[in-house]
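Shown next: coords36.cif, given as mmCIF, C-alpha atoms.
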data_protein
loop_
_atom_site.label_atom_id
_atom_site.label_comp_id
_atom_site.auth_asym_id
_atom_site.auth_seq_id
_atom_site.Cartn_x
_atom_site.Cartn_y
_atom_site.Cartn_z
CA MET P 1 1.81 7.27 20.49
CA SER P 2 1.00 8.36 17.00
CA LEU P 3 0.00 11.88 17.98
CA PHE P 4 3.68 12.56 18.62
CA LYS P 5 4.32 11.56 15.05
CA ALA P 6 1.82 14.16 13.89
CA PHE P 7 4.01 16.60 15.82
CA GLU P 8 7.08 15.40 13.98
CA ILE P 9 5.34 15.72 10.64
CA ALA P 10 4.22 19.28 11.36
CA ALA P 11 7.70 20.13 12.66
CA SER P 12 9.27 18.85 9.44
CA GLY P 13 6.84 21.07 7.51
CA VAL P 14 7.69 24.12 9.60
CA THR P 15 11.43 23.52 9.14
CA ALA P 16 11.12 23.06 5.39
CA GLN P 17 8.97 26.15 4.97
CA SER P 18 11.32 28.28 7.05
CA GLN P 19 14.21 27.19 4.84
CA ARG P 20 12.17 28.26 1.84
CA LEU P 21 11.51 31.60 3.54
CA ASN P 22 15.24 31.93 4.16
CA ALA P 23 16.05 31.37 0.49
CA THR P 24 13.43 33.95 -0.47
CA ALA P 25 14.87 36.47 1.98
CA SER P 26 18.34 35.92 0.58
CA ASN P 27 17.05 36.35 -2.98
CA LEU P 28 15.17 39.54 -2.18
CA ALA P 29 18.09 41.00 -0.26
CA ASN P 30 20.39 40.39 -3.22
CA ALA P 31 17.91 41.42 -5.89
CA ASP P 32 20.01 44.42 -6.86
CA SER P 33 23.57 43.41 -5.97
CA ALA P 34 25.38 44.38 -9.11
CA ALA P 35 28.34 42.36 -10.26
CA GLY P 36 31.41 43.88 -11.88
CA PRO P 37 33.02 42.92 -15.22
CA GLY P 38 34.84 39.86 -13.84
CA GLY P 39 32.58 38.83 -10.94
CA LYS P 40 29.57 36.61 -11.34
CA ALA P 41 26.19 38.08 -10.50
CA TYR P 42 24.23 36.55 -7.60
CA GLN P 43 22.06 33.67 -8.74
CA ALA P 44 18.59 33.20 -7.26
CA ARG P 45 18.35 30.17 -4.96
CA GLN P 46 15.36 27.87 -4.78
CA VAL P 47 14.75 25.05 -2.33
CA VAL P 48 13.44 21.69 -3.59
CA PHE P 49 10.97 19.83 -1.38
CA GLN P 50 10.74 16.08 -1.10
CA THR P 51 8.62 13.74 1.03
CA ALA P 52 10.56 12.25 3.95
CA GLN P 53 9.82 8.90 5.52
CA LEU P 54 9.79 9.63 9.26
CA ASP P 55 9.06 6.09 10.39
CA PRO P 56 10.87 3.24 8.61
CA LYS P 57 8.16 0.79 9.71
CA ASP P 58 5.18 2.78 8.53
CA GLY P 59 5.14 4.21 5.03
CA ARG P 60 2.10 6.30 5.82
CA VAL P 61 3.99 8.71 8.06
CA GLN P 62 5.38 11.16 5.57
CA GLY P 63 7.00 14.42 6.51
CA VAL P 64 8.74 16.81 4.20
CA LYS P 65 12.38 17.74 3.84
CA VAL P 66 14.48 20.04 1.74
CA GLN P 67 16.18 17.81 -0.79
CA GLY P 68 18.57 20.52 -1.85
CA VAL P 69 19.03 24.14 -2.81
CA ILE P 70 19.37 24.80 -6.52
CA GLU P 71 20.71 27.90 -8.21
CA ASP P 72 18.39 29.39 -10.78
CA ALA P 73 20.06 28.95 -14.17
CA SER P 74 18.14 31.65 -15.99
CA VAL P 75 20.11 34.49 -17.58
CA PRO P 76 21.03 37.49 -15.39
CA ARG P 77 19.53 40.90 -15.99
CA ARG P 78 21.72 43.28 -18.02
CA VAL P 79 21.16 46.97 -17.57
CA HIS P 80 22.74 49.67 -19.71
CA ASP P 81 24.31 52.19 -17.32
CA PRO P 82 27.74 53.43 -18.51
CA ARG P 83 28.18 55.68 -15.45
CA HIS P 84 27.93 52.76 -13.03
CA PRO P 85 31.36 51.94 -11.52
CA LEU P 86 30.83 48.24 -12.23
CA ALA P 87 29.80 48.66 -15.87
CA ASP P 88 31.76 46.61 -18.42
CA ASP P 89 33.34 47.87 -21.68
CA THR P 90 30.01 47.98 -23.46
CA GLY P 91 28.43 49.99 -20.66
CA TYR P 92 26.28 47.18 -19.28
CA VAL P 93 25.95 46.18 -15.62
CA THR P 94 25.04 42.60 -14.74
CA LEU P 95 22.31 42.27 -12.14
CA PRO P 96 21.07 39.06 -10.46
CA ASN P 97 18.37 36.94 -12.09
CA VAL P 98 16.03 37.38 -9.13
CA ASN P 99 12.40 37.79 -10.14
CA VAL P 100 11.02 40.00 -7.38
CA ALA P 101 7.33 39.31 -8.13
CA GLU P 102 7.97 35.57 -8.10
CA GLU P 103 9.86 35.84 -4.82
CA MET P 104 7.03 37.78 -3.18
CA VAL P 105 4.55 35.08 -4.22
CA ASN P 106 6.97 32.45 -2.90
CA MET P 107 7.22 34.28 0.40
CA LEU P 108 3.45 34.51 0.83
CA SER P 109 2.99 30.85 -0.04
CA ALA P 110 5.73 29.80 2.38
CA SER P 111 4.33 31.84 5.25
CA ARG P 112 0.81 30.47 4.70
CA SER P 113 2.10 26.90 4.70
CA TYR P 114 4.19 27.66 7.79
CA GLN P 115 1.07 28.90 9.57
CA SER P 116 -0.95 25.84 8.60
CA ASN P 117 1.74 23.54 9.97
CA LEU P 118 1.84 25.52 13.19
CA GLU P 119 -1.92 25.19 13.47
CA VAL P 120 -1.57 21.44 13.13
CA MET P 121 1.00 21.49 15.94
CA ASN P 122 -1.22 23.56 18.21
CA THR P 123 -4.28 21.39 17.67
CA THR P 124 -2.24 18.22 18.18
CA LYS P 125 -0.82 19.63 21.40
CA ASN P 126 -4.33 20.33 22.69
CA LEU P 127 -5.47 16.82 21.77
CA LEU P 128 -2.45 15.31 23.51
CA LEU P 129 -3.05 17.29 26.68
CA LYS P 130 -6.70 16.27 26.69
CA THR P 131 -5.69 12.63 26.18
CA LEU P 132 -3.30 12.88 29.11
CA SER P 133 -6.11 13.90 31.43
CA LEU P 134 -8.26 10.93 30.31
CA GLY P 135 -10.14 9.37 33.21
CA SER P 136 -9.42 12.12 35.71
CA MET K 1 -1.88 -9.66 16.50
CA THR K 2 -4.37 -9.44 19.30
CA PRO K 3 -7.64 -7.82 18.36
CA ILE K 4 -8.49 -4.66 20.22
CA THR K 5 -11.66 -6.14 21.71
CA ALA K 6 -9.89 -8.77 23.80
CA GLY K 7 -10.56 -8.52 27.55
CA LYS K 8 -13.72 -7.56 29.39
CA LEU K 9 -12.51 -4.03 30.04
CA ASP K 10 -11.52 -3.71 26.44
CA LYS K 11 -14.95 -4.89 25.42
CA GLU K 12 -16.50 -2.23 27.56
CA LEU K 13 -14.37 0.48 26.02
CA GLY K 14 -14.18 -1.29 22.65
CA VAL K 15 -15.63 0.93 19.95
CA GLN K 16 -14.51 4.20 21.48
CA SER K 17 -10.91 3.15 22.01
CA ALA K 18 -10.70 1.77 18.49
CA ALA K 19 -12.21 5.02 17.22
CA LEU K 20 -9.66 6.99 19.22
CA VAL K 21 -6.73 5.07 17.71
CA LEU K 22 -8.12 5.51 14.21
CA ARG K 23 -8.75 9.22 14.75
CA MET K 24 -5.17 9.53 15.98
CA GLN K 25 -3.91 7.88 12.82
CA ARG K 26 -6.06 10.17 10.73
CA VAL K 27 -4.50 13.19 12.47
CA GLN K 28 -1.16 11.82 11.28
CA LEU K 29 -2.28 11.33 7.69
CA ILE K 30 -3.80 14.79 7.41
CA ALA K 31 -0.72 16.32 9.06
CA SER K 32 1.31 14.58 6.32
CA ASN K 33 -0.92 16.12 3.67
CA ILE K 34 -0.56 19.60 5.15
CA ALA K 35 3.21 19.28 5.58
CA ASN K 36 3.54 18.18 1.95
CA ALA K 37 1.25 20.87 0.53
CA ASP K 38 4.17 22.28 -1.50
CA THR K 39 5.99 19.05 -2.37
CA PRO K 40 5.92 18.43 -6.14
CA GLY K 41 4.20 15.19 -7.08
CA TYR K 42 2.81 14.43 -3.61
CA LYS K 43 -0.66 12.85 -3.60
CA ALA K 44 -3.00 13.59 -0.70
CA VAL K 45 -4.11 10.49 1.23
CA ASP K 46 -6.92 9.63 3.60
CA PHE K 47 -8.89 6.54 4.60
CA ASP K 48 -12.51 5.54 4.90
CA PHE K 49 -13.09 5.97 8.61
CA SER K 50 -16.35 4.04 8.97
CA LYS K 51 -15.02 1.04 7.05
CA ALA K 52 -11.80 1.04 9.08
CA LEU K 53 -13.76 1.25 12.33
CA ARG K 54 -16.02 -1.61 11.31
CA ALA K 55 -12.98 -3.70 10.42
CA ALA K 56 -11.32 -2.81 13.73
CA THR K 57 -14.32 -3.81 15.81
CA GLY K 58 -14.70 -7.13 14.06
CA ASP K 59 -17.59 -6.57 11.70
CA SER K 60 -17.32 -9.42 9.20
CA SER K 61 -18.91 -7.43 6.36
CA ALA K 62 -16.05 -4.95 6.55
CA ARG K 63 -13.32 -7.59 6.38
CA ALA K 64 -13.37 -7.35 2.62
CA VAL K 65 -11.74 -3.91 2.72
CA THR K 66 -8.72 -4.97 4.74
CA PRO K 67 -5.49 -5.16 2.72
CA ALA K 68 -5.30 -8.97 2.67
CA ALA K 69 -8.27 -9.18 0.33
CA VAL K 70 -6.77 -6.90 -2.29
CA GLU K 71 -3.13 -7.94 -2.10
CA PRO K 72 -1.56 -7.85 -5.59
CA SER K 73 0.07 -11.08 -6.74
CA LEU K 74 3.85 -11.33 -6.81
CA THR K 75 4.95 -12.79 -10.15
CA ALA K 76 8.67 -11.93 -10.21
CA PRO K 77 11.38 -12.04 -7.52
CA GLY K 78 11.84 -8.25 -7.58
CA HIS K 79 8.18 -7.50 -6.82
CA GLN K 80 7.21 -5.95 -3.53
CA THR K 81 4.02 -6.49 -1.60
CA GLY K 82 1.43 -3.85 -2.32
CA SER K 83 -0.03 -3.51 1.15
CA ARG K 84 1.31 -0.78 3.37
CA SER K 85 2.65 -1.99 6.69
CA ALA K 86 0.21 -2.61 9.52
CA TYR K 87 0.48 -1.23 13.00
CA ALA K 88 2.00 -3.90 15.19
CA GLY K 89 -0.26 -5.14 17.96
CA LEU K 90 -3.37 -3.34 16.78
CA SER K 91 -6.03 -4.63 14.47
CA THR K 92 -6.89 -1.07 13.51
CA ASP K 93 -5.37 -1.38 10.10
CA TYR K 94 -6.77 0.65 7.27
CA ARG K 95 -6.22 1.06 3.61
CA THR K 96 -5.07 4.49 2.54
CA LEU K 97 -6.76 5.96 -0.47
CA TYR K 98 -5.75 8.85 -2.65
CA ARG K 99 -7.98 11.88 -2.78
CA THR K 100 -9.50 12.94 -6.07
CA PRO K 101 -8.34 16.52 -6.62
CA ALA K 102 -11.00 19.08 -7.48
CA GLN K 103 -8.64 20.82 -9.89
CA PRO K 104 -5.32 19.87 -11.45
CA SER K 105 -2.08 21.56 -10.41
CA ALA K 106 1.07 22.30 -12.40
CA ASP K 107 3.37 20.32 -10.07
CA ALA K 108 1.11 17.21 -9.86
CA ASN K 109 0.48 17.83 -6.16
CA SER K 110 -3.08 16.95 -5.15
CA VAL K 111 -3.24 18.63 -1.73
CA ASP K 112 -6.10 21.09 -1.36
CA MET K 113 -5.04 23.12 1.68
CA ASP K 114 -8.54 24.43 2.54
CA LEU K 115 -10.02 20.96 2.38
CA GLU K 116 -7.21 19.46 4.44
CA ARG K 117 -7.56 22.09 7.13
CA ALA K 118 -11.30 21.54 7.27
CA ARG K 119 -10.78 17.77 7.54
CA PHE K 120 -8.16 18.29 10.20
CA ALA K 121 -10.51 20.44 12.29
CA GLU K 122 -13.36 17.95 11.81
CA ASN K 123 -11.14 15.06 12.78
CA SER K 124 -9.86 16.74 15.92
CA VAL K 125 -13.39 17.59 17.07
CA LYS K 126 -14.38 13.95 16.57
CA TYR K 127 -11.24 12.83 18.39
CA GLU K 128 -12.33 14.95 21.34
CA ALA K 129 -15.81 13.47 21.10
CA ALA K 130 -14.40 9.93 21.29
CA LEU K 131 -12.27 11.07 24.22
CA LYS K 132 -15.35 12.43 25.98
CA PHE K 133 -17.29 9.20 25.49
CA LEU K 134 -14.32 7.24 26.77
CA ASN K 135 -14.04 9.53 29.76
CA GLY K 136 -17.72 8.97 30.54
CA LYS K 137 -17.30 5.22 30.36
CA ILE K 138 -14.25 5.29 32.59
CA LYS K 139 -16.11 7.42 35.11
CA THR K 140 -19.04 4.98 35.08
CA LEU K 141 -16.68 2.05 35.64
CA LEU K 142 -14.90 3.90 38.43
CA SER K 143 -18.11 4.71 40.25
CA ALA K 144 -19.16 1.06 39.90
CA ILE K 145 -15.86 -0.06 41.43
CA GLN K 146 -15.74 2.50 44.20
CA GLY K 147 -19.46 2.46 44.96
#

Would you encode the structure as structure tokens?
Amino acid sequence: MSLFKAFEIAASGVTAQSQRLNATASNLANADSAAGPGGKAYQARQVVFQTAQLDPKDGRVQGVKVQGVIEDASVPRRVHDPRHPLADDTGYVTLPNVNVAEEMVNMLSASRSYQSNLEVMNTTKNLLLKTLSLGS
Amino acid sequence: MTPITAGKLDKELGVQSAALVLRMQRVQLIASNIANADTPGYKAVDFDFSKALRAATGDSSARAVTPAAVEPSLTAPGHQTGSRSAYAGLSTDYRTLYRTPAQPSADANSVDMDLERARFAENSVKYEAALKFLNGKIKTLLSAIQG
């Protein structure tokens, strides 16, 4: 029954969006983890979405999947703070390249999309239950 | 492929059951659009419901929209057929069309979330309507059988 496939599609959306939310949470949590002279600063992580063929026989059934997690290659933040224990010889501390404003927008977008997918699931469930009671 | 209006019972339930199957498939398509709202390069799809329903119920004027009529020609061995696969056993095949986006987006994704949610709600209400009609017909048949 193709309504179950609608379930699968919405579930793939929910999974993908929650992974995106996870990446955002990790980025925000590490937004200020300073790195010492030798250590590398935390790099922001971003998930990449891709359409996923859920049914090999029907190309119209397209879910979504996380193709991979990439590390943001932009330059880390450098803050001049000679009193910081992790400051290097020049007095600079390396901070992660997390853009907090961007991450907040990402988080909002992910949670909205998550909600929409859940709504699809709920409606589909209601339709399925009504279909089950057909003729009674 | 056996057409959906085959037996006498099927004929009785004909249009509504075909409508139900098509509505179900539309739920799937719109769910795909919503799931891929953030996928770069994804193009939102839908189909012309009334044309698909006419084709499913055997209206000859609607035959022209079925994929066979617009199949692209294969001129080299590497070419693939352009039509998207049909549902086995059902003549409720339809041709998916891409939506025209109201505004362009930076990642070439053409899903308009508000529009898709509205279409999804509309489609599920109409699915329930078809279900109700079908229920009524089944009840009529049952009362005719049981007296």

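Going from CA of Val98 (chain P) to CA of Gln17 (chain P) covers 19.4 Å.
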
| field | Between CA of Leu29 (chain K) and CA of Ser111 (chain P), distance in Å (one decimal) | value |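 CA of Ser111 (chain P) lies at a distance of 21.7 Å from CA of Leu29 (chain K).
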
Report as a PDB file with C-alpha atoms, keeping the file's coordinate frame the full result of the PyMOL selection byres ((chain P) within 7 of (chain K)) when it is applied to this structure.
ATOM      1  CA  SER P   2       1.000   8.360  17.000  1.00  0.00           C
ATOM      2  CA  LEU P   3       0.000  11.880  17.980  1.00  0.00           C
ATOM      3  CA  LYS P   5       4.320  11.560  15.050  1.00  0.00           C
ATOM      4  CA  ALA P   6       1.820  14.160  13.890  1.00  0.00           C
ATOM      5  CA  ILE P   9       5.340  15.720  10.640  1.00  0.00           C
ATOM      6  CA  ALA P  10       4.220  19.280  11.360  1.00  0.00           C
ATOM      7  CA  GLY P  13       6.840  21.070   7.510  1.00  0.00           C
ATOM      8  CA  PHE P  49      10.970  19.830  -1.380  1.00  0.00           C
ATOM      9  CA  GLN P  50      10.740  16.080  -1.100  1.00  0.00           C
ATOM     10  CA  THR P  51       8.620  13.740   1.030  1.00  0.00           C
ATOM     11  CA  LYS P  57       8.160   0.790   9.710  1.00  0.00           C
ATOM     12  CA  ASP P  58       5.180   2.780   8.530  1.00  0.00           C
ATOM     13  CA  GLY P  59       5.140   4.210   5.030  1.00  0.00           C
ATOM     14  CA  ARG P  60       2.100   6.300   5.820  1.00  0.00           C
ATOM     15  CA  VAL P  61       3.990   8.710   8.060  1.00  0.00           C
ATOM     16  CA  GLN P  62       5.380  11.160   5.570  1.00  0.00           C
ATOM     17  CA  GLY P  63       7.000  14.420   6.510  1.00  0.00           C
ATOM     18  CA  VAL P  64       8.740  16.810   4.200  1.00  0.00           C
ATOM     19  CA  ASN P 117       1.740  23.540   9.970  1.00  0.00           C
ATOM     20  CA  VAL P 120      -1.570  21.440  13.130  1.00  0.00           C
ATOM     21  CA  LEU P 134      -8.260  10.930  30.310  1.00  0.00           C
ATOM     22  CA  GLY P 135     -10.140   9.370  33.210  1.00  0.00           C
TER      23      GLY P 135
END

| Expressed in Å to a single decimal, how great is the separation between CA of Phe133 (chain K) and CA of Leu53 (chain K)? |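 Interatomic distance here is 15.8 Å.
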
| request: Might you pull out every residue within 10 Å of Ala87 (chain P), with all atoms listed in the file counted and same-chain residues fewer than 6 positions away left off, and present them as an MDAnalysis selection string? | output: chainID P and resid 34:37 78:81 93:94

| field | Selection: 8 Å around Lys125 (chain P), all atoms listed in the file, excl. self and same-chain fewer than 4 positions, as a PyMOL selection string | value | chain P and resi 7+121+129

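Among the candidates K:Ala129, K:Ala56, K:Leu97, K:Ala44, the residue lying nearest to Ser110 (chain K) is K:Ala44 (atoms considered: all atoms listed in the file).
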
| Shell around Asn106 (chain P) at 8 Å using all atoms listed in the file, local window under 3 positions removed, as a list in words |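 Close residues of Asn106 (chain P): Leu21, Thr24, Glu102, Glu103, Ser109 and Ala110 of chain P.
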
| task | Give as number ranges by chain each residue that has an atom at most 8 Å from (13.9, 32.9, -3.1) in the file, counting all atoms listed in the file. | result | P: 20-28, 44-47, 98, 103, 106-107

| Minimum-distance residue to Ala102 (chain K), chosen among K:Glu12, K:Ser17, K:Leu115, K:Thr57 (using all atoms listed in the file) |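 Among the listed residues, K:Leu115 lies closest to Ala102 (chain K).
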
| task | Determine the residue set returned by the PyMOL selection byres ((chain K and resi 50) around 12) for the present structure, and present it as a PyMOL selection string. | result | chain K and resi 15+18-19+22-23+47-49+51-57+59+62+65+92+94-95

| said: With distances taken over all atoms listed in the file, which residue among P:Gln19, P:Ser33, P:Ser74, P:Thr131 lies nearest Asn97 (chain P)? | reply: P:Ser74

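If all atoms listed in the file are the atoms counted, then among P:Thr123, P:Leu108, P:Leu128, P:Val100 the closest residue to Glu122 (chain K) is P:Thr123.
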
| message | List the spatial neighbours of Pro101 (chain K) as a PyMOL selection string - criterion: any atom at most 8 Å away, all atoms listed in the file, same-chain residues fewer than 2 positions off excluded. | response | chain K and resi 99+103-104+110-112

Output file for the residues above (C-alpha atoms, as a PDB file, in the frame of the given file):
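The resulting file, again07.pdb, is reproduced below:
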ATOM      1  CA  ARG K  99      -7.980  11.880  -2.780  1.00  0.00           C
ATOM      2  CA  GLN K 103      -8.640  20.820  -9.890  1.00  0.00           C
ATOM      3  CA  PRO K 104      -5.320  19.870 -11.450  1.00  0.00           C
ATOM      4  CA  SER K 110      -3.080  16.950  -5.150  1.00  0.00           C
ATOM      5  CA  VAL K 111      -3.240  18.630  -1.730  1.00  0.00           C
ATOM      6  CA  ASP K 112      -6.100  21.090  -1.360  1.00  0.00           C
TER       7      ASP K 112
END
